[in-house]
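Trainee: What follows is input37.cif, made up of mmCIF, C-alpha atoms:
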data_entry
loop_
_atom_site.label_atom_id
_atom_site.label_comp_id
_atom_site.auth_asym_id
_atom_site.auth_seq_id
_atom_site.Cartn_x
_atom_site.Cartn_y
_atom_site.Cartn_z
CA ASP C 88 -45.59 -90.94 56.85
CA SER C 89 -42.48 -91.55 54.74
CA GLY C 90 -40.35 -88.89 56.43
CA VAL C 91 -39.98 -86.94 53.17
CA THR C 92 -41.54 -83.48 53.28
CA GLN C 93 -42.51 -81.27 50.37
CA THR C 94 -43.66 -77.68 50.32
CA PRO C 95 -45.94 -76.19 49.27
CA LYS C 96 -48.75 -78.77 49.01
CA HIS C 97 -50.59 -76.76 46.40
CA LEU C 98 -49.47 -74.01 44.05
CA ILE C 99 -51.55 -71.99 41.62
CA THR C 100 -49.78 -69.67 39.22
CA ALA C 101 -50.02 -68.17 35.76
CA THR C 102 -48.34 -69.00 32.48
CA GLY C 103 -44.90 -67.49 32.09
CA GLN C 104 -44.23 -67.44 35.82
CA ARG C 105 -41.51 -69.19 37.81
CA VAL C 106 -41.98 -71.35 40.89
CA THR C 107 -39.76 -73.22 43.31
CA LEU C 108 -40.71 -76.53 44.89
CA ARG C 109 -38.90 -77.68 47.99
CA CYS C 110 -38.09 -81.14 49.29
CA SER C 111 -36.54 -82.30 52.54
CA PRO C 112 -35.36 -85.93 52.41
CA ARG C 113 -35.57 -88.45 55.21
CA SER C 114 -32.95 -88.02 57.87
CA GLY C 115 -29.76 -89.75 56.69
CA ASP C 116 -30.79 -90.07 53.04
CA LEU C 117 -28.22 -88.68 50.61
CA SER C 118 -30.09 -89.14 47.35
CA VAL C 119 -33.06 -87.09 46.15
CA TYR C 120 -35.21 -87.75 43.10
CA TRP C 121 -37.81 -85.56 41.39
CA TYR C 122 -40.79 -86.88 39.46
CA GLN C 123 -43.67 -85.36 37.50
CA GLN C 124 -47.05 -87.11 37.45
CA SER C 125 -49.65 -86.05 34.92
CA LEU C 126 -52.68 -87.74 33.40
CA ASP C 127 -51.28 -87.86 29.88
CA GLN C 128 -47.62 -88.67 30.63
CA GLY C 129 -47.98 -90.79 33.75
CA LEU C 130 -45.14 -90.75 36.26
CA GLN C 131 -41.92 -89.43 34.73
CA PHE C 132 -38.49 -89.36 36.35
CA LEU C 133 -36.98 -85.88 36.09
CA ILE C 134 -33.65 -85.78 37.88
CA GLN C 135 -31.62 -87.29 40.71
CA TYR C 136 -29.09 -85.75 43.06
CA TYR C 137 -26.71 -87.57 45.32
CA ASN C 138 -24.91 -85.73 48.12
CA GLY C 139 -25.15 -82.41 46.29
CA GLU C 140 -24.17 -83.64 42.85
CA GLU C 141 -26.40 -84.36 39.87
CA ARG C 142 -26.42 -88.12 39.40
CA ALA C 143 -28.97 -88.91 36.70
CA LYS C 144 -31.18 -87.00 34.34
CA GLY C 145 -34.49 -88.12 32.92
CA ASN C 146 -37.17 -86.29 30.98
CA ILE C 147 -36.47 -82.89 32.43
CA LEU C 148 -37.17 -79.84 30.29
CA GLU C 149 -34.55 -77.13 29.86
CA ARG C 150 -36.96 -74.70 31.56
CA PHE C 151 -36.68 -76.81 34.69
CA SER C 152 -33.66 -77.01 36.97
CA ALA C 153 -32.88 -78.48 40.34
CA GLN C 154 -30.22 -78.45 42.98
CA GLN C 155 -29.37 -80.15 46.24
CA PHE C 156 -27.98 -78.02 49.02
CA PRO C 157 -25.31 -78.89 51.65
CA ASP C 158 -28.03 -79.70 54.18
CA LEU C 159 -29.35 -82.19 51.56
CA HIS C 160 -32.68 -80.51 50.93
CA SER C 161 -33.49 -80.00 47.28
CA GLU C 162 -35.34 -77.47 45.19
CA LEU C 163 -36.94 -77.87 41.79
CA ASN C 164 -37.24 -74.64 39.83
CA LEU C 165 -39.82 -74.43 37.06
CA SER C 166 -39.68 -71.35 34.82
CA SER C 167 -41.60 -69.91 31.86
CA LEU C 168 -44.49 -72.07 32.98
CA GLU C 169 -46.95 -73.45 30.45
CA LEU C 170 -50.42 -74.91 30.91
CA GLY C 171 -48.98 -78.36 30.26
CA ASP C 172 -46.72 -78.09 33.29
CA SER C 173 -49.75 -78.52 35.53
CA ALA C 174 -49.06 -81.77 37.35
CA LEU C 175 -48.24 -83.42 40.64
CA TYR C 176 -44.54 -83.15 41.45
CA PHE C 177 -43.07 -85.76 43.75
CA CYS C 178 -39.79 -85.85 45.54
CA ALA C 179 -38.32 -89.12 46.78
CA SER C 180 -35.21 -89.94 48.77
CA SER C 181 -33.00 -92.94 49.41
CA VAL C 182 -29.96 -93.62 51.51
CA GLU C 183 -27.57 -94.20 48.62
CA ALA C 184 -27.93 -94.27 44.84
CA ARG C 185 -27.64 -97.99 44.18
CA ASN C 186 -29.92 -99.89 41.83
CA GLN C 187 -31.74 -101.75 44.58
CA GLU C 188 -32.38 -98.74 46.74
CA THR C 189 -35.89 -98.24 48.05
CA GLN C 190 -37.15 -94.74 47.38
CA TYR C 191 -39.36 -93.04 49.94
CA PHE C 192 -41.82 -90.62 48.39
CA GLY C 193 -43.11 -87.35 49.73
CA PRO C 194 -46.80 -86.37 49.53
CA GLY C 195 -46.24 -84.23 46.43
CA THR C 196 -46.83 -80.65 45.33
CA ARG C 197 -49.84 -80.09 43.10
CA LEU C 198 -49.09 -77.36 40.57
CA LEU C 199 -51.83 -75.69 38.60
CA VAL C 200 -50.84 -73.28 35.84
CA LEU C 201 -53.66 -71.03 34.64
CA ALA Z 272 -33.16 -99.00 26.91
CA GLN Z 273 -35.79 -100.24 29.30
CA SER Z 274 -39.56 -100.20 29.43
CA VAL Z 275 -42.44 -101.35 31.57
CA THR Z 276 -45.90 -102.39 30.44
CA GLN Z 277 -48.74 -102.76 32.89
CA LEU Z 278 -51.17 -104.83 30.93
CA ASP Z 279 -54.37 -103.60 32.57
CA SER Z 280 -55.28 -100.01 33.25
CA HIS Z 281 -58.11 -101.13 35.58
CA VAL Z 282 -58.71 -104.33 37.53
CA SER Z 283 -61.96 -104.90 39.37
CA VAL Z 284 -62.35 -107.61 42.03
CA SER Z 285 -64.72 -108.46 44.85
CA GLU Z 286 -63.56 -108.29 48.44
CA GLY Z 287 -62.06 -111.63 49.51
CA THR Z 288 -61.16 -112.76 45.98
CA PRO Z 289 -57.61 -112.99 44.55
CA VAL Z 290 -55.84 -110.05 42.97
CA LEU Z 291 -53.56 -110.24 39.92
CA LEU Z 292 -51.89 -107.12 38.52
CA ARG Z 293 -49.75 -107.83 35.50
CA CYS Z 294 -46.42 -106.25 34.60
CA ASN Z 295 -44.00 -107.00 31.77
CA TYR Z 296 -40.65 -105.33 31.44
CA SER Z 297 -37.73 -105.06 29.08
CA SER Z 298 -34.21 -104.17 30.10
CA SER Z 299 -30.76 -104.54 28.59
CA TYR Z 300 -29.29 -105.28 32.01
CA SER Z 301 -30.21 -107.31 35.05
CA PRO Z 302 -32.87 -105.02 36.39
CA SER Z 303 -34.23 -104.27 39.79
CA LEU Z 304 -38.02 -104.36 39.86
CA PHE Z 305 -40.42 -102.70 42.25
CA TRP Z 306 -44.13 -102.39 42.92
CA TYR Z 307 -45.43 -99.19 44.49
CA VAL Z 308 -48.95 -98.33 45.63
CA GLN Z 309 -50.51 -94.87 45.57
CA HIS Z 310 -53.66 -94.15 47.53
CA PRO Z 311 -55.72 -91.10 46.52
CA ASN Z 312 -53.96 -87.81 47.26
CA LYS Z 313 -50.96 -89.62 48.74
CA GLY Z 314 -47.38 -90.26 47.74
CA LEU Z 315 -46.16 -93.63 46.55
CA GLN Z 316 -45.37 -96.40 49.01
CA LEU Z 317 -43.13 -99.38 48.31
CA LEU Z 318 -44.94 -102.74 48.35
CA LEU Z 319 -42.02 -104.96 47.42
CA LYS Z 320 -38.85 -105.19 45.35
CA TYR Z 321 -36.85 -107.77 43.43
CA THR Z 322 -33.07 -107.43 43.48
CA SER Z 323 -31.78 -110.74 42.01
CA ALA Z 324 -32.14 -112.76 45.18
CA ALA Z 325 -35.24 -114.96 45.55
CA THR Z 326 -37.56 -114.88 42.53
CA LEU Z 327 -40.66 -114.94 44.74
CA VAL Z 328 -40.78 -111.70 46.66
CA LYS Z 329 -43.06 -111.08 49.61
CA GLY Z 330 -44.15 -107.56 50.41
CA ILE Z 331 -46.34 -105.67 52.80
CA ASN Z 332 -50.07 -106.18 53.31
CA GLY Z 333 -50.04 -109.74 51.97
CA PHE Z 334 -48.82 -108.88 48.47
CA GLU Z 335 -46.21 -110.90 46.63
CA ALA Z 336 -44.68 -110.94 43.16
CA GLU Z 337 -42.77 -113.49 41.14
CA PHE Z 338 -39.88 -112.56 38.88
CA LYS Z 339 -39.95 -114.71 35.72
CA LYS Z 340 -36.98 -113.93 33.54
CA SER Z 341 -38.08 -116.20 30.67
CA GLU Z 342 -41.40 -114.33 30.47
CA THR Z 343 -39.95 -110.92 31.41
CA SER Z 344 -42.77 -110.58 33.88
CA PHE Z 345 -43.17 -109.41 37.45
CA HIS Z 346 -46.86 -109.86 38.26
CA LEU Z 347 -48.26 -108.75 41.62
CA THR Z 348 -50.67 -111.02 43.47
CA LYS Z 349 -52.63 -111.17 46.69
CA PRO Z 350 -54.76 -114.15 47.78
CA SER Z 351 -57.64 -112.14 49.18
CA ALA Z 352 -58.50 -108.52 48.37
CA HIS Z 353 -59.46 -106.07 51.08
CA MET Z 354 -61.39 -102.84 50.59
CA SER Z 355 -58.31 -100.90 51.73
CA ASP Z 356 -56.36 -102.32 48.75
CA ALA Z 357 -58.27 -100.05 46.37
CA ALA Z 358 -55.55 -97.78 44.95
CA GLU Z 359 -53.26 -97.18 41.98
CA TYR Z 360 -50.38 -99.63 41.57
CA PHE Z 361 -47.15 -98.93 39.70
CA CYS Z 362 -44.59 -101.39 38.40
CA VAL Z 363 -41.08 -99.92 38.16
CA VAL Z 364 -37.89 -101.14 36.52
CA LYS Z 365 -34.47 -99.71 37.30
CA GLY Z 366 -31.56 -100.40 35.04
CA SER Z 367 -28.16 -98.95 34.41
CA GLY Z 368 -27.88 -95.58 32.76
CA ALA Z 369 -24.98 -93.36 31.74
CA GLY Z 370 -22.15 -92.94 34.23
CA GLY Z 371 -23.36 -95.71 36.50
CA SER Z 372 -26.67 -94.05 37.23
CA TYR Z 373 -29.86 -96.04 37.71
CA ILE Z 374 -32.83 -94.60 35.88
CA PRO Z 375 -36.28 -95.71 37.08
CA THR Z 376 -38.99 -96.27 34.50
CA PHE Z 377 -42.58 -96.40 35.73
CA GLY Z 378 -45.49 -98.23 34.19
CA ARG Z 379 -48.67 -96.28 33.47
CA GLY Z 380 -50.34 -97.71 36.54
CA THR Z 381 -53.20 -100.12 37.25
CA SER Z 382 -56.19 -98.91 39.17
CA LEU Z 383 -57.45 -101.63 41.52
CA ILE Z 384 -61.16 -101.42 42.31
CA VAL Z 385 -62.49 -103.58 45.15
CA HIS Z 386 -66.23 -104.22 45.40
CA PRO Z 387 -67.86 -105.15 48.71
#
With the file now loaded, output its structure as structure tokens.
Mentor:
Amino acid sequence: DSGVTQTPKHLITATGQRVTLRCSPRSGDLSVYWYQQSLDQGLQFLIQYYNGEERAKGNILERFSAQQFPDLHSELNLSSLELGDSALYFCASSVEARNQETQYFGPGTRLLVL
Amino acid sequence: AQSVTQLDSHVSVSEGTPVLLRCNYSSSYSPSLFWYVQHPNKGLQLLLKYTSAATLVKGINGFEAEFKKSETSFHLTKPSAHMSDAAEYFCVVKGSGAGGSYIPTFGRGTSLIVHP
């Protein structure tokens, strides 16, 4: 158990809908990362937050947004969902945001868009 | 720009034989390199990381990797495979991005199959 929790574990929804994925980092970790894992794209970095502020942006679509709250938990909002958004979404956390930081991954949220 | 290439999508070994998972990278900066393992229906777990200290890095569960700058490689090895090593392995490079950020780039993964 990495100490990173994600809810829900599974999510089934329809195209055009909006969902929110939640992540609680390890105690003491200030940095949160979001990733998307799909069969065709592999594991893609989406976005990173550090102590409430956006720190780095990867391949995140405009339909997706995220935020980190004062208690350091984070939410990833996915809107106008498409079939291709079906994937495993991982959250990871680290103490700081340095290059050498080890990231601790949560178990993921499996999203299925029908 | 940075990239990671895992040279084999699948590697099949017998239990007790050596494991070699190959990774080549490119980065404009001195990168940090990581290997993660993902067991079925689980999140990723760090095996080891290179951060410009010793070029031979020892990780958990008997794995190790050697950073070779001249070959831009960071191959993962283990002397003797165990059935529990069967999993997906990811090589990751982290280099500098805009504003001092560090963007991780993941390889496509290598599936390790261990036969009894």
Trainee: Would you mind reading off the distance between atom CA of Leu98 of chain C and atom CA of Thr196 of chain C, one decimal, in Å?
Mentor: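 If I compute the distance from atom CA of Leu98 of chain C to atom CA of Thr196 of chain C, I get 7.3 Å.
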Trainee: Show me the residues around (-44.3, -74.6, 41.3) - criterion: an atom at most 12 Å away, all atoms listed in the file counted - as a PyMOL selection string.
Mentor: chain C and resi 93-109+123+151-152+162-169+172-177+195-200
Trainee: My list of candidates is Z:Leu315, Z:Ala336, Z:Val282, Z:Met354. Which is closest to chain C when distances are computed with all atoms listed in the file?
Mentor: Z:Leu315
Trainee: Find the residues near Tyr296 of chain Z: any atom within 7 Å, counting all atoms listed in the file, skip ones fewer than 3 places away on the same chain, and give them as a list in words.
Mentor: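 Selected residues are Ser274, Val275, Thr276, Thr343 and Ser344 of chain Z.
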Trainee: State, in Å with one decimal place, the distance from atom CA of Ala352 of chain Z to atom CA of Ser285 of chain Z.
Mentor: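 Answer for the atom CA of Ala352 of chain Z to atom CA of Ser285 of chain Z separation: 7.1 Å.
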Trainee: Between atom CA of Asp356 of chain Z and atom CA of Asp279 of chain Z, measure the distance and give it in Å to one decimal.
Mentor: 16.4 Å
Trainee: Residues of chain C within 10 Å of chain Z: nearest atom pair and distance (Å, one decimal) for each, counting all atoms listed in the file, sorted by chain and number, as a tab-separated table?
Mentor:
residue	atom	partner	partner_atom	distance
C:Asp88	CA	Z:Gly314	CA	9.3
C:Ser89	CA	Z:Gln316	CA	8.0
C:Val91	CA	Z:Gly314	CA	9.8
C:Leu126	CA	Z:Arg379	CA	9.4
C:Asp127	CA	Z:Arg379	CA	9.5
C:Gln128	CA	Z:Arg379	CA	8.2
C:Gly129	CA	Z:Arg379	CA	5.5
C:Leu130	CA	Z:Phe377	CA	6.2
C:Gln131	CA	Z:Phe377	CA	7.1
C:Phe132	CA	Z:Pro375	CA	6.8
C:Leu133	CA	Z:Ile374	CA	9.7
C:Ile134	CA	Z:Ile374	CA	9.1
C:Gln135	CA	Z:Ile374	CA	8.8
C:Arg142	CA	Z:Ser372	CA	6.3
C:Ala143	CA	Z:Ser372	CA	5.7
C:Lys144	CA	Z:Ile374	CA	7.9
C:Gly145	CA	Z:Ile374	CA	7.3
C:Leu175	CA	Z:Asn312	CA	9.8
C:Tyr176	CA	Z:Gly314	CA	9.9
C:Phe177	CA	Z:Gly314	CA	7.4
C:Cys178	CA	Z:Gly314	CA	9.0
C:Ala179	CA	Z:Leu315	CA	9.0
C:Ala184	CA	Z:Tyr373	CA	7.6
C:Arg185	CA	Z:Tyr373	CA	7.1
C:Asn186	CA	Z:Tyr373	CA	5.6
C:Gln187	CA	Z:Thr322	CA	5.9
C:Glu188	CA	Z:Ser303	CA	9.1
C:Thr189	CA	Z:Leu317	CA	7.3
C:Gln190	CA	Z:Leu317	CA	7.6
C:Tyr191	CA	Z:Gln316	CA	6.9
C:Phe192	CA	Z:Leu315	CA	5.6
C:Gly193	CA	Z:Gly314	CA	5.5
C:Pro194	CA	Z:Gly314	CA	4.3
C:Gly195	CA	Z:Gly314	CA	6.3
C:Thr196	CA	Z:Gly314	CA	9.9
C:Arg197	CA	Z:Asn312	CA	9.7
Trainee: Can you give me, as a list in words, the residues this file yields under the PyMOL selection byres ((chain Z and resi 360) around 8)?
Mentor: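 So the PyMOL selection byres ((chain Z and resi 360) around 8), applied here, picks out Trp306, Tyr307, Val308, Gln309, Ala358, Glu359, Phe361, Cys362, Gly380, Thr381, Ser382 and Leu383 of chain Z.
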Trainee: If you count only C-alpha atoms, which residues fall within 7 Å of segment 332-334 of chain Z, apart from same-chain ones fewer than 2 positions away, as a ChimeraX atom specification?
Mentor: /Z:329-330,347-349
Trainee: Could you pull out every residue with an atom within 7 Å of (-61.2, -109.2, 51.4), file coordinates, counting only C-alpha atoms, and send them as a PyMOL selection string?
Mentor: chain Z and resi 286-288+351-354
Trainee: Between Z:Leu318, Z:Ser298, Z:His310, Z:Ala357, which is the closest to Lys340 of chain Z once you count only C-alpha atoms?
Mentor: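 For Lys340 of chain Z, the nearest of the given residues is Z:Ser298.
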Trainee: With 3 Å on each side, where is the centre of the axis-aligned box around all listed atoms of segment 275-287 of chain Z, and how long are its edges in Å to one decimal, as lines of an AutoDock Vina configuration file?
Mentor:
center_x = -53.6
center_y = -105.8
center_z = 40.0
size_x = 28.3
size_y = 17.6
size_z = 25.1
Trainee: Which residues are close to Glu342 of chain Z, i.e. within 12 Å by all atoms listed in the file, leaving aside same-chain residues fewer than 3 positions away? Reply as a list in words.
Mentor: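 The filter keeps Arg293, Cys294, Asn295, Tyr296, Ser297, Glu337, Phe338, Lys339, Phe345 and His346 of chain Z.
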